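Okay, model_36.cif is below, mmCIF, C-alpha atoms:
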```
data_work
loop_
_atom_site.group_PDB
_atom_site.id
_atom_site.type_symbol
_atom_site.label_atom_id
_atom_site.label_comp_id
_atom_site.auth_asym_id
_atom_site.auth_seq_id
_atom_site.Cartn_x
_atom_site.Cartn_y
_atom_site.Cartn_z
ATOM 1 C CA MET V 276 -44.046 19.829 -4.915
ATOM 2 C CA LYS V 277 -41.207 21.928 -6.292
ATOM 3 C CA ILE V 278 -37.832 20.947 -4.880
ATOM 4 C CA ALA V 279 -35.876 23.955 -3.645
ATOM 5 C CA ASP V 280 -33.363 22.367 -1.281
ATOM 6 C CA LEU V 281 -32.083 19.127 0.232
ATOM 7 C CA ASN V 282 -34.892 18.909 2.792
ATOM 8 C CA ASP V 283 -37.509 19.084 0.043
ATOM 9 C CA PHE V 284 -35.655 16.434 -1.923
ATOM 10 C CA THR V 285 -35.294 13.949 0.931
ATOM 11 C CA ARG V 286 -39.010 14.181 1.756
ATOM 12 C CA VAL V 287 -40.048 13.684 -1.854
ATOM 13 C CA PHE V 288 -37.568 10.902 -2.495
ATOM 14 C CA GLN V 289 -38.450 9.027 0.695
ATOM 15 C CA THR V 290 -42.120 9.142 -0.287
ATOM 16 C CA PHE V 291 -41.173 7.845 -3.720
ATOM 17 C CA LEU V 292 -39.196 4.912 -2.298
ATOM 18 C CA ASP V 293 -41.940 4.122 0.235
ATOM 19 C CA GLN V 294 -44.145 3.215 -2.734
ATOM 20 C CA GLY V 295 -41.864 0.228 -3.402
ATOM 21 C CA PRO V 296 -40.708 0.988 -6.948
ATOM 22 C CA GLU V 297 -38.654 -1.562 -8.857
ATOM 23 C CA GLN V 298 -35.059 -0.664 -9.700
ATOM 24 C CA LYS V 299 -35.978 0.273 -13.284
ATOM 25 C CA GLN V 300 -38.607 2.715 -12.036
ATOM 26 C CA ILE V 301 -36.168 4.179 -9.515
ATOM 27 C CA ILE V 302 -33.699 4.874 -12.303
ATOM 28 C CA GLU V 303 -36.272 6.319 -14.700
ATOM 29 C CA GLU V 304 -38.369 8.414 -12.327
ATOM 30 C CA GLY V 305 -35.716 9.049 -9.706
ATOM 31 C CA ARG V 306 -33.524 10.845 -12.220
ATOM 32 C CA ASP V 307 -36.257 13.450 -12.711
ATOM 33 C CA ILE V 308 -36.380 14.080 -8.960
ATOM 34 C CA VAL V 309 -32.577 14.382 -8.793
ATOM 35 C CA LYS V 310 -32.659 16.769 -11.764
ATOM 36 C CA GLU V 311 -34.929 19.090 -9.786
ATOM 37 C CA LEU V 312 -32.493 19.068 -6.859
ATOM 38 C CA VAL V 313 -29.362 19.828 -8.878
ATOM 39 C CA SER V 314 -31.201 22.495 -10.877
ATOM 40 C CA ALA V 315 -32.196 24.370 -7.709
ATOM 41 C CA PRO V 316 -29.693 27.148 -6.866
ATOM 42 C CA GLY V 317 -27.947 27.920 -3.613
ATOM 43 C CA TRP V 318 -28.853 25.012 -1.351
ATOM 44 C CA LEU V 319 -25.298 23.569 -1.245
ATOM 45 C CA ASN V 320 -23.666 26.892 -0.324
ATOM 46 C CA GLU V 321 -23.943 26.403 3.445
ATOM 47 C CA THR V 322 -22.324 22.947 3.293
ATOM 48 C CA LEU V 323 -19.347 24.238 1.324
ATOM 49 C CA GLU V 324 -19.006 27.148 3.747
ATOM 50 C CA GLN V 325 -19.060 24.780 6.740
ATOM 51 C CA LEU V 326 -16.390 22.560 5.205
ATOM 52 C CA ILE V 327 -14.099 25.576 5.001
ATOM 53 C CA LEU V 328 -14.944 27.429 8.213
ATOM 54 C CA ASP V 329 -16.410 24.906 10.686
ATOM 55 C CA ASN V 330 -13.886 22.430 12.101
ATOM 56 C CA ASP V 331 -16.545 20.456 13.987
ATOM 57 C CA PHE V 332 -18.589 19.959 10.832
ATOM 58 C CA LEU V 333 -15.489 18.842 8.950
ATOM 59 C CA ASP V 334 -14.439 16.434 11.716
ATOM 60 C CA GLY V 335 -17.938 14.958 11.798
ATOM 61 C CA GLN V 336 -17.905 13.911 8.157
ATOM 62 C CA TRP V 337 -18.288 10.221 7.332
ATOM 63 C CA HIS V 338 -14.966 8.509 6.535
ATOM 64 C CA SER V 339 -15.657 7.262 3.034
ATOM 65 C CA VAL V 340 -13.609 5.311 0.527
ATOM 66 C CA ASP V 341 -13.614 8.520 -1.512
ATOM 67 C CA PRO V 342 -11.676 11.506 -0.135
ATOM 68 C CA ASN V 343 -13.692 13.834 -2.406
ATOM 69 C CA GLU V 344 -17.044 12.737 -0.959
ATOM 70 C CA ILE V 345 -19.244 14.885 1.312
ATOM 71 C CA THR V 346 -22.065 13.149 3.163
ATOM 72 C CA LEU V 347 -25.243 15.238 3.003
ATOM 73 C CA PHE V 348 -27.969 12.867 4.218
ATOM 74 C CA ARG V 349 -28.611 9.272 5.303
ATOM 75 C CA SER V 350 -32.190 8.087 5.669
ATOM 76 C CA SER V 351 -33.169 6.638 9.034
ATOM 77 C CA ASP V 352 -34.301 3.383 7.403
ATOM 78 C CA ARG V 353 -31.053 3.173 5.380
ATOM 79 C CA SER V 354 -33.016 3.101 2.141
ATOM 80 C CA PHE V 355 -30.945 5.878 0.528
ATOM 81 C CA SER V 356 -28.214 8.427 1.082
ATOM 82 C CA VAL V 357 -27.283 11.719 -0.573
ATOM 83 C CA ARG V 358 -23.684 12.729 -1.148
ATOM 84 C CA ALA V 359 -21.781 15.453 -2.969
ATOM 85 C CA PHE V 360 -18.586 14.727 -4.863
ATOM 86 C CA ILE V 361 -16.015 17.366 -5.775
ATOM 87 C CA TRP V 362 -14.011 16.636 -8.933
ATOM 88 C CA GLU V 363 -10.781 18.574 -9.294
ATOM 89 C CA PRO V 364 -9.617 19.482 -12.793
ATOM 90 C CA ARG V 365 -6.886 17.358 -14.376
ATOM 91 C CA ARG V 366 -7.281 14.629 -11.737
ATOM 92 C CA PHE V 367 -8.515 11.302 -13.025
ATOM 93 C CA TYR V 368 -10.497 9.268 -10.522
ATOM 94 C CA PRO V 369 -10.018 5.509 -11.060
ATOM 95 C CA ILE V 370 -12.561 3.444 -12.929
ATOM 96 C CA HIS V 371 -14.774 1.923 -10.229
ATOM 97 C CA ASP V 372 -17.944 -0.003 -9.473
ATOM 98 C CA HIS V 373 -20.699 0.508 -6.881
ATOM 99 C CA GLY V 374 -22.424 -1.532 -4.219
ATOM 100 C CA SER V 375 -25.904 -0.196 -5.034
ATOM 101 C CA TRP V 376 -27.922 1.625 -7.635
ATOM 102 C CA GLY V 377 -27.092 5.318 -7.870
ATOM 103 C CA LEU V 378 -28.508 8.481 -9.413
ATOM 104 C CA VAL V 379 -26.095 11.285 -10.304
ATOM 105 C CA GLY V 380 -26.742 14.926 -11.158
ATOM 106 C CA VAL V 381 -24.346 17.770 -11.931
ATOM 107 C CA TYR V 382 -24.609 20.781 -9.634
ATOM 108 C CA PHE V 383 -21.590 22.951 -10.533
ATOM 109 C CA ASN V 384 -19.915 23.224 -13.959
ATOM 110 C CA GLN V 385 -19.482 20.148 -16.168
ATOM 111 C CA ALA V 386 -18.527 16.523 -15.597
ATOM 112 C CA ARG V 387 -17.456 13.847 -18.059
ATOM 113 C CA GLU V 388 -18.643 10.303 -17.436
ATOM 114 C CA ARG V 389 -17.218 7.188 -19.058
ATOM 115 C CA LYS V 390 -19.116 3.903 -18.715
ATOM 116 C CA PHE V 391 -17.439 0.489 -18.846
ATOM 117 C CA GLU V 392 -18.393 -3.171 -18.893
ATOM 118 C CA ARG V 393 -16.424 -5.985 -17.300
ATOM 119 C CA ILE V 394 -15.370 -8.627 -19.813
ATOM 120 C CA ASP V 395 -13.523 -11.163 -17.629
ATOM 121 C CA ASP V 396 -15.409 -13.579 -15.386
ATOM 122 C CA GLY V 397 -13.846 -12.446 -12.095
ATOM 123 C CA SER V 398 -12.547 -15.917 -11.285
ATOM 124 C CA ILE V 399 -8.911 -14.839 -10.816
ATOM 125 C CA GLU V 400 -8.177 -12.751 -7.714
ATOM 126 C CA GLY V 401 -6.821 -9.335 -8.674
ATOM 127 C CA GLN V 402 -7.598 -9.684 -12.368
ATOM 128 C CA GLY V 403 -10.260 -7.463 -13.902
ATOM 129 C CA GLU V 404 -10.642 -6.411 -17.514
ATOM 130 C CA VAL V 405 -13.073 -3.696 -18.567
ATOM 131 C CA ARG V 406 -14.058 -2.164 -21.889
ATOM 132 C CA LEU V 407 -15.312 1.361 -22.604
ATOM 133 C CA THR V 408 -18.941 1.351 -23.731
ATOM 134 C CA GLY V 409 -19.685 5.084 -23.908
ATOM 135 C CA GLU V 410 -18.935 8.558 -22.632
ATOM 136 C CA GLY V 411 -20.594 11.938 -22.418
ATOM 137 C CA ILE V 412 -20.334 15.395 -20.891
ATOM 138 C CA LEU V 413 -23.030 16.513 -18.473
ATOM 139 C CA GLY V 414 -23.707 20.167 -17.713
ATOM 140 C CA LYS V 415 -25.551 21.616 -14.721
ATOM 141 C CA GLY V 416 -28.809 19.752 -14.279
ATOM 142 C CA GLY V 417 -27.645 16.796 -16.340
ATOM 143 C CA THR V 418 -28.153 13.341 -14.852
ATOM 144 C CA THR V 419 -26.889 9.804 -15.213
ATOM 145 C CA TYR V 420 -27.102 6.571 -13.215
ATOM 146 C CA VAL V 421 -25.210 3.476 -12.112
ATOM 147 C CA LEU V 422 -26.310 -0.040 -11.181
ATOM 148 C CA PRO V 423 -24.749 -2.387 -8.607
ATOM 149 C CA ILE V 424 -21.465 -4.295 -9.047
ATOM 150 C CA ASN V 425 -20.479 -5.059 -12.654
ATOM 151 C CA ASP V 426 -23.426 -3.133 -14.096
ATOM 152 C CA GLY V 427 -22.251 0.137 -12.575
ATOM 153 C CA ILE V 428 -18.610 0.522 -13.633
ATOM 154 C CA HIS V 429 -17.762 4.088 -14.614
ATOM 155 C CA GLN V 430 -15.375 7.014 -14.242
ATOM 156 C CA VAL V 431 -16.082 10.722 -13.614
ATOM 157 C CA GLU V 432 -13.869 13.761 -14.142
ATOM 158 C CA ALA V 433 -14.143 17.547 -14.287
ATOM 159 C CA VAL V 434 -14.132 19.386 -17.624
ATOM 160 C CA ASP V 435 -12.492 22.622 -18.832
ATOM 161 C CA ASP V 436 -10.109 23.141 -15.882
ATOM 162 C CA LEU V 437 -13.020 23.935 -13.554
ATOM 163 C CA ALA V 438 -13.843 21.957 -10.425
ATOM 164 C CA ALA V 439 -17.162 20.164 -10.781
ATOM 165 C CA VAL V 440 -19.651 19.109 -8.116
ATOM 166 C CA THR V 441 -22.033 16.203 -8.598
ATOM 167 C CA ILE V 442 -24.822 15.066 -6.298
ATOM 168 C CA HIS V 443 -25.210 11.300 -5.861
ATOM 169 C CA VAL V 444 -28.187 9.429 -4.444
ATOM 170 C CA TYR V 445 -27.398 5.811 -3.538
ATOM 171 C CA GLY V 446 -29.804 3.065 -2.547
ATOM 172 C CA LYS V 447 -29.477 0.286 -0.003
ATOM 173 C CA PRO V 448 -26.261 -1.594 -0.894
ATOM 174 C CA VAL V 449 -26.177 -5.175 -2.068
ATOM 175 C CA ARG V 450 -22.446 -5.193 -1.236
ATOM 176 C CA THR V 451 -20.970 -3.242 1.649
ATOM 177 C CA GLY V 452 -17.559 -2.187 2.904
ATOM 178 C CA TYR V 453 -15.638 -1.450 -0.276
ATOM 179 C CA ILE V 454 -15.681 -0.545 -3.943
ATOM 180 C CA GLN V 455 -13.536 -2.056 -6.673
ATOM 181 C CA LEU V 456 -11.080 0.010 -8.714
ATOM 182 C CA TYR V 457 -9.994 -1.061 -12.205
ATOM 183 C CA ASN V 458 -6.755 -0.438 -14.085
ATOM 184 C CA VAL V 459 -7.318 -0.673 -17.831
ATOM 185 C CA HIS V 460 -3.589 -0.732 -18.593
ATOM 186 C CA ASN V 461 -2.651 -3.921 -16.773
ATOM 187 C CA HIS V 462 -6.160 -5.454 -16.460
ATOM 188 C CA THR V 463 -6.171 -5.499 -12.659
ATOM 189 C CA VAL V 464 -8.811 -4.805 -10.027
ATOM 190 C CA TYR V 465 -8.431 -4.126 -6.319
ATOM 191 C CA ARG V 466 -10.730 -3.384 -3.409
ATOM 192 C CA ALA V 467 -10.678 0.096 -1.913
ATOM 193 C CA TYR V 468 -11.754 0.497 1.715
ATOM 194 C CA PRO V 469 -12.564 3.501 3.925
ATOM 195 C CA PRO V 470 -9.520 4.677 5.919
ATOM 196 C CA ASN V 471 -10.982 3.504 9.247
ATOM 197 C CA VAL V 472 -11.297 -0.029 7.808
ATOM 198 C CA LEU V 473 -8.195 -0.119 5.655
ATOM 199 C CA GLN V 474 -5.745 -0.539 8.545
ATOM 200 C CA ARG V 475 -7.470 -3.765 9.637
ATOM 201 C CA ILE V 476 -7.530 -5.058 6.063
ATOM 202 C CA LEU V 477 -3.838 -4.287 5.579
ATOM 203 C CA ALA V 478 -3.019 -6.161 8.791
ATOM 204 C CA ILE V 479 -5.041 -9.164 7.587
ATOM 205 C CA ARG V 480 -3.194 -9.121 4.276
ATOM 206 C CA THR V 481 0.129 -8.862 6.089
ATOM 207 C CA LEU V 482 -0.561 -12.005 8.114
ATOM 208 C CA GLY V 483 -1.086 -13.836 4.836
ATOM 209 C CA SER V 484 2.638 -13.330 4.290
ATOM 210 C CA VAL V 485 3.776 -14.244 7.805
ATOM 211 C CA ASN V 486 4.880 -17.871 7.981
ATOM 212 C CA GLU V 487 4.151 -18.451 11.671
ATOM 213 C CA PRO V 488 1.390 -20.416 13.452
ATOM 214 C CA TRP V 489 0.176 -17.412 15.440
ATOM 215 C CA ALA V 490 -0.664 -15.635 12.186
ATOM 216 C CA VAL V 491 -2.978 -18.470 11.154
ATOM 217 C CA GLN V 492 -4.583 -18.419 14.596
ATOM 218 C CA VAL V 493 -5.278 -14.679 14.417
ATOM 219 C CA LEU V 494 -6.733 -14.930 10.914
ATOM 220 C CA GLN V 495 -8.997 -17.811 11.887
ATOM 221 C CA GLU V 496 -10.159 -15.985 15.010
ATOM 222 C CA ALA V 497 -10.843 -12.815 13.035
ATOM 223 C CA ARG V 498 -12.839 -14.775 10.472
ATOM 224 C CA ASN V 499 -14.939 -16.479 13.132
ATOM 225 C CA LYS V 500 -15.659 -13.299 15.089
ATOM 226 C CA THR V 501 -16.594 -10.903 12.292
ATOM 227 C CA LYS V 502 -20.074 -10.363 10.896
ATOM 228 C CA LYS V 503 -18.734 -8.502 7.884
ATOM 229 C CA ASP V 504 -18.539 -10.525 4.679
ATOM 230 C CA PHE V 505 -15.640 -8.514 3.287
ATOM 231 C CA VAL V 506 -13.520 -9.198 6.398
ATOM 232 C CA LYS V 507 -14.236 -12.925 6.082
ATOM 233 C CA MET V 508 -13.268 -12.751 2.420
ATOM 234 C CA GLU V 509 -9.958 -11.020 3.181
ATOM 235 C CA CYS V 510 -9.209 -13.595 5.916
ATOM 236 C CA ASP V 511 -9.987 -16.453 3.540
ATOM 237 C CA ILE V 512 -7.663 -15.012 0.899
ATOM 238 C CA SER V 513 -4.838 -14.593 3.415
ATOM 239 C CA LEU V 514 -5.383 -18.084 4.832
ATOM 240 C CA SER V 515 -5.371 -19.590 1.328
ATOM 241 C CA ARG V 516 -1.900 -18.185 0.746
ATOM 242 C CA ARG V 517 -0.545 -20.188 3.666
ATOM 243 C CA TYR V 518 -1.081 -23.621 2.181
#
```

Now, as a test, write the supplied structure out as structure tokens.
Amino acid sequence: MKIADLNDFTRVFQTFLDQGPEQKQIIEEGRDIVKELVSAPGWLNETLEQLILDNDFLDGQWHSVDPNEITLFRSSDRSFSVRAFIWEPRRFYPIHDHGSWGLVGVYFNQARERKFERIDDGSIEGQGEVRLTGEGILGKGGTTYVLPINDGIHQVEAVDDLAAVTIHVYGKPVRTGYIQLYNVHNHTVYRAYPPNVLQRILAIRTLGSVNEPWAVQVLQEARNKTKKDFVKMECDISLSRRY
């Protein structure tokens, strides 16, 4: 079946995943399916038009970690999602990791990708050292991929002073709630959260600096009540700073 639009792609890709492919097969064969999608003309036009002209559509967008992300599709069984990313020229998005495997294809103009590997062991909170392992420029129809956590650290930017659009297909996450951003200049790493989560995380971090018993009580209660691993982790870090 020739893929002409997003609906075609989601049907084909869901059928592909329903066959139970291993991650290696998803990367190898899935890239060909993504290439068909990003090579098909016109199908993203309506979404871009709605973002500009339709306030309800804009307000209904998923609140992601990434302000340049547009949610296009989420499968009902949560096995994959499709998102568009807009890369503005001369703006450098931080080096970051991912919580799942991902397939990336270029839809408009060109994008430069740099891949990195983590070379510290992650044992020190806030410390993260990465090393460049390769880079390349992808034109329309070009594809690349990422793997979860430390195997998927990269950076994307637009090329030639033209905004670029990439289409990303992500699998079921092995880590949820945040991504990690790396600073190569001072060898640091920090967790980035969606805006609707960040306020809670900032409050948790604040209580780690409040030297009063009620702060400990709130942090312990929050840790016991939550089902989210990243909230427990943030509570544990704040509680550890109190002793």

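Those residues returned by the PyMOL selection byres ((chain V and resi 429) around 10) for this file are V:Tyr368, V:Pro369, V:Ile370, V:His371, V:Asp372, V:His373, V:Glu388, V:Arg389, V:Lys390, V:Phe391, V:Glu392, V:Val405, V:Leu407, V:Thr408, V:Gly409, V:Glu410, V:Tyr420, V:Val421, V:Asn425, V:Asp426, V:Gly427, V:Ile428, V:Gln430, V:Val431, V:Leu456, V:Tyr457.
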
*Within 8 Å of Thr451 (chain V), counting all atoms listed in the file, which residues show up once you throw out same-chain ones fewer than 2 positions away? Write them as a ChimeraX atom specification, please.*
/V:374,448-449,453,505

Using only C-alpha atoms, I'd like a table of the residues in region 365-480 of chain V that come within 8 Å of region 340-345 of chain V; for each, show the closest atom pair and its distance in Å rounded to one decimal, ordered by chain and ascending number, as a tab-separated table.
```
residue	atom	partner	partner_atom	distance
V:Tyr453	CA	V:Val340	CA	7.1
V:Ile454	CA	V:Val340	CA	7.7
V:Ala467	CA	V:Val340	CA	6.5
V:Tyr468	CA	V:Val340	CA	5.3
V:Pro469	CA	V:Val340	CA	4.0
V:Pro470	CA	V:Val340	CA	6.8
```

*Determine the residue membership of the PyMOL selection byres ((chain V and resi 296-313) around 9) for the file above and supply it as a PyMOL selection string.*
chain V and resi 277-281+283-284+287-288+291-295+314-316+318+376-383+415-422+441-444

Only C-alpha atoms, please: the residues just picked out, written as a PDB file, in the frame of the given file.
```
ATOM      1  CA  LYS V 277     -41.207  21.928  -6.292  1.00  0.00           C
ATOM      2  CA  ILE V 278     -37.832  20.947  -4.880  1.00  0.00           C
ATOM      3  CA  ALA V 279     -35.876  23.955  -3.645  1.00  0.00           C
ATOM      4  CA  ASP V 280     -33.363  22.367  -1.281  1.00  0.00           C
ATOM      5  CA  LEU V 281     -32.083  19.127   0.232  1.00  0.00           C
ATOM      6  CA  ASP V 283     -37.509  19.084   0.043  1.00  0.00           C
ATOM      7  CA  PHE V 284     -35.655  16.434  -1.923  1.00  0.00           C
ATOM      8  CA  VAL V 287     -40.048  13.684  -1.854  1.00  0.00           C
ATOM      9  CA  PHE V 288     -37.568  10.902  -2.495  1.00  0.00           C
ATOM     10  CA  PHE V 291     -41.173   7.845  -3.720  1.00  0.00           C
ATOM     11  CA  LEU V 292     -39.196   4.912  -2.298  1.00  0.00           C
ATOM     12  CA  ASP V 293     -41.940   4.122   0.235  1.00  0.00           C
ATOM     13  CA  GLN V 294     -44.145   3.215  -2.734  1.00  0.00           C
ATOM     14  CA  GLY V 295     -41.864   0.228  -3.402  1.00  0.00           C
ATOM     15  CA  SER V 314     -31.201  22.495 -10.877  1.00  0.00           C
ATOM     16  CA  ALA V 315     -32.196  24.370  -7.709  1.00  0.00           C
ATOM     17  CA  PRO V 316     -29.693  27.148  -6.866  1.00  0.00           C
ATOM     18  CA  TRP V 318     -28.853  25.012  -1.351  1.00  0.00           C
ATOM     19  CA  TRP V 376     -27.922   1.625  -7.635  1.00  0.00           C
ATOM     20  CA  GLY V 377     -27.092   5.318  -7.870  1.00  0.00           C
ATOM     21  CA  LEU V 378     -28.508   8.481  -9.413  1.00  0.00           C
ATOM     22  CA  VAL V 379     -26.095  11.285 -10.304  1.00  0.00           C
ATOM     23  CA  GLY V 380     -26.742  14.926 -11.158  1.00  0.00           C
ATOM     24  CA  VAL V 381     -24.346  17.770 -11.931  1.00  0.00           C
ATOM     25  CA  TYR V 382     -24.609  20.781  -9.634  1.00  0.00           C
ATOM     26  CA  PHE V 383     -21.590  22.951 -10.533  1.00  0.00           C
ATOM     27  CA  LYS V 415     -25.551  21.616 -14.721  1.00  0.00           C
ATOM     28  CA  GLY V 416     -28.809  19.752 -14.279  1.00  0.00           C
ATOM     29  CA  GLY V 417     -27.645  16.796 -16.340  1.00  0.00           C
ATOM     30  CA  THR V 418     -28.153  13.341 -14.852  1.00  0.00           C
ATOM     31  CA  THR V 419     -26.889   9.804 -15.213  1.00  0.00           C
ATOM     32  CA  TYR V 420     -27.102   6.571 -13.215  1.00  0.00           C
ATOM     33  CA  VAL V 421     -25.210   3.476 -12.112  1.00  0.00           C
ATOM     34  CA  LEU V 422     -26.310  -0.040 -11.181  1.00  0.00           C
ATOM     35  CA  THR V 441     -22.033  16.203  -8.598  1.00  0.00           C
ATOM     36  CA  ILE V 442     -24.822  15.066  -6.298  1.00  0.00           C
ATOM     37  CA  HIS V 443     -25.210  11.300  -5.861  1.00  0.00           C
ATOM     38  CA  VAL V 444     -28.187   9.429  -4.444  1.00  0.00           C
TER      39      VAL V 444
END
```

*For the file shown, report as a ChimeraX atom specification the outcome of the PyMOL selection byres ((chain V and resi 398-404) around 9) at residue level.*
/V:392-397,405-406,457-459,461-466,512

*What lies within 7 Å of region 478-494 of chain V using only C-alpha atoms, ignoring chain neighbours under 5 positions off, as a ChimeraX atom specification?*
/V:509-510,513-514,516-517

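When CA of Val357 (chain V) is paired with CA of Ile476 (chain V), their separation reads 26.8 Å.
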
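The two atoms in question, CA of Phe355 (chain V) and CA of Tyr445 (chain V), are spaced 5.4 Å apart.
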